[in-house]
Amino acid sequence: MPHRVLLAAALACAGAAGAQPEPHFAAQAPVQLHSDDGLHRLTLPLQVLQHVQRQDLADVRIVDARGRAAPLAWAPPPQGRPRLRYVEVPRFAWPAPPSAAGSEPSVQVQVDAQGAVVRIDAGAAGTTQGTEGTWLLDLSQAAHRTPDGRERLAGLRVHWDAPPQGAQVHVTVEASEDLRQWRRLTEAMLLDAPGAGAASGERLSLREIDLPASTHAPAYLRLRLSPAVALQGVDARLQRSDEAVAALERTVVRFEPEPDGDGTVRRWTLDLGGPVPLRRLQIELPQPNTVASFRLERRVEGRTPWQPVTSFTSYRLHRDGRELLAPPVELPPVAPTRHWRLQLTGRGPDLGPTALDAQVQWPAPQLVFAARGEPPFMLRVGAAEARPDDLPIAQLVPAYREGDEWRLPQASLGALTTLAAPDLSLVERLAASTPQQRRRWLLWGVLVVAVGLLAWLARRLLRDLDARPGPPGA
C-alpha cells in the first residue's frame, strides 16, 4: 500500500510536469497598428517592464483576438557595440584684446587646403601672451565630419592644471564654420578641488563638457574660460550615430535613504520595479552650492551582492545669478537591472536624511512581431512560468541587416490592465508551476509520503509485538 501511494504521487507530479498549458500573465495592453505591413516594431515602456517576472523578457507575448501567439523577435541591444571614443584635437591660444576687456581682436587664422589650422596671427590687434582665457579647437579633420557620418560630436574632455587649493572654471563653448561667425553652443562648469578626504589626496574632478544632441558638426570650436587656465589638452568625445537612432526614454525617479546605525545617511536605494538598462543618470542634490562624489552600484535580485557600476561627481552651484547643475553621467553598458544604489565616497558632505531625486535615461527594449492572426492584438506580460518563445531577428525579418528594425512601422500600446489570477485546481496549479516549484513540491510530497510510511511501519511493528504469545507460565 505505501509503495502504491508513493508511486501515485510521483506519477501525478510527473504528469503535471509534462503538461504545458498556457501560462497566466499578470497584465495586458491593446496593441494599435498604424500600417498594413506584416512586420511591426513596438517599444516597451517602463510600465510594462515593471510587470516582467523574467530577466530575459521571456514572459512577453503578442497574441491575436483568439489568444494565439504571434511570431516575435527582440532587436539587438545597442550596448553590445562600441559607443564612445576620444580623439585629441589641436588647440591654439586665441589672442586677447590689448586693452578694453571684452573687445574682440582682429585675428588672422592661417589654414591649409583641407581647412586645418596652421597658425594664428594676432598682429597689433592683440597678444597671445597670457591668453589662457580663450582657446581655439580645430575639429575640421575629426572623424565626425567624414562623409559616412557614422559619428557625431557628443562632448569634450578638458585637461588642465589646477592649483593645489583647487579651482572651478566656467566654460562657454562657441562654434564656427568659417572662423568669423560664431554661435554659442553651451555652458559648463569645470572643477578640480580637494575633497573631504584631502589629507589622503582625495579630489573632486569634473572635466567633461556635454554638447547638445542636435549639435551640427562644427569645423571649429572656441572655449572661453573664466577664470583663465592653461589647457594641457582637449579630447573630442565621438559617438556612433547609429546608437543615437533610438531616443533614450527619460524617467524621474527617487533614491530612498538607507540610514546607518547612528542615523546618518550615506546610501540611497532605487527599485525600478523591473529590469531596466540605465544609460544616463542625473542627480538633483538637495542643497545648493554642494559638490559630492558617488559610487553607483547594482544588483539583479534583492539579496545578491552589490556590484559596482561607476563613480562620478555631481554638483549644484550658483554663479552669476544662475544655478549650474552637473550634466547627466554616461553609464557603462550593463545588463538590465531592477535594484540600484548610490553611495557617498570618501567622507563627503552631509546631504541629510532626505531622498535624492534623479532623472534616468535608458533605451527601451524594441520588439519586432508579425501581425499574423485576427486583430485586435494584445501584449501580455508577467508570467514566471513562461518559456522563451522568441525567434532570432534574422529569421523573422527577411534579409535582415543591423538597424533594419528602425525602418519598420511602429505600433503603439494602449492602457495596461491587470489580469485576475484564475481559480485553478491542484492539478492545474502543478501544470502551470515553474520547474523549480515542481521540484520543491515533489520533495515535500516525497517527505510527507516517507513520514507516512515510517508511521505505518511503526504501527505495524507495535501490532506484531502485541500479538506475540507471552512466556510460559505467564
# chains A, B, ... in the order shown; residues from 1 in each chain; ligands from 1

$ residues_around --residues "Asp210 (chain A)" --least-positions-apart "5" --cutoff "9 Å" --atoms "only C-alpha atoms" --output "NGL selection string"
:A and (154-157 or 186 or 188 or 237 or 327-328)

$ residues_around --residues "Leu33 (chain A)" --least-positions-apart "3" --cutoff "12 Å" --atoms "only C-alpha atoms" --output "list in words"
Pro30, Asp36, Asp37, Gly38, Leu39, His40, Arg41, Leu42, Phe369, Ala370, Ala371, Pro375, Pro376, Phe377, Met378, Leu408, Pro409, Gln410, Ala411, Ser412, Leu413 and Gly414 of chain A

$ write_last_selection --atoms "C-alpha atoms" --output "tab-separated table (two decimals), in the first residue's frame"
chain	number	residue	atom	x	y	z
A	30	PRO	CA	-4.01	46.56	-26.54
A	36	ASP	CA	-0.99	47.33	-43.10
A	37	ASP	CA	2.56	45.94	-43.23
A	38	GLY	CA	3.20	42.46	-41.94
A	39	LEU	CA	6.06	43.37	-39.57
A	40	HIS	CA	5.84	46.00	-36.84
A	41	ARG	CA	8.10	47.41	-34.14
A	42	LEU	CA	6.91	48.00	-30.57
A	369	PHE	CA	6.45	41.00	-34.38
A	370	ALA	CA	4.47	39.68	-37.32
A	371	ALA	CA	0.79	40.69	-37.36
A	375	PRO	CA	-6.92	41.64	-34.83
A	376	PRO	CA	-7.06	43.25	-32.39
A	377	PHE	CA	-3.70	42.26	-30.96
A	378	MET	CA	-2.77	42.32	-27.30
A	408	LEU	CA	9.58	49.12	-39.67
A	409	PRO	CA	6.25	50.84	-38.86
A	410	GLN	CA	5.94	51.47	-35.15
A	411	ALA	CA	2.95	50.14	-33.23
A	412	SER	CA	1.70	51.74	-30.02
A	413	LEU	CA	0.34	50.44	-26.73
A	414	GLY	CA	-2.90	51.27	-25.00

$ closest_residue --among "A:Val446, A:Leu278, A:Ala364, A:Leu221" --to "Arg338 (chain A)" --atoms "only C-alpha atoms"
A:Leu278

$ residues_around --residues "region 396-407 of chain A" --least-positions-apart "2" --cutoff "7 Å" --atoms "only C-alpha atoms" --output "ChimeraX atom specification"
/A:41,73,75,391-394,409

$ closest_residue --among "A:Arg459, A:Arg279, A:His51, A:His159" --to "Gln359 (chain A)" --atoms "only C-alpha atoms"
A:Arg279
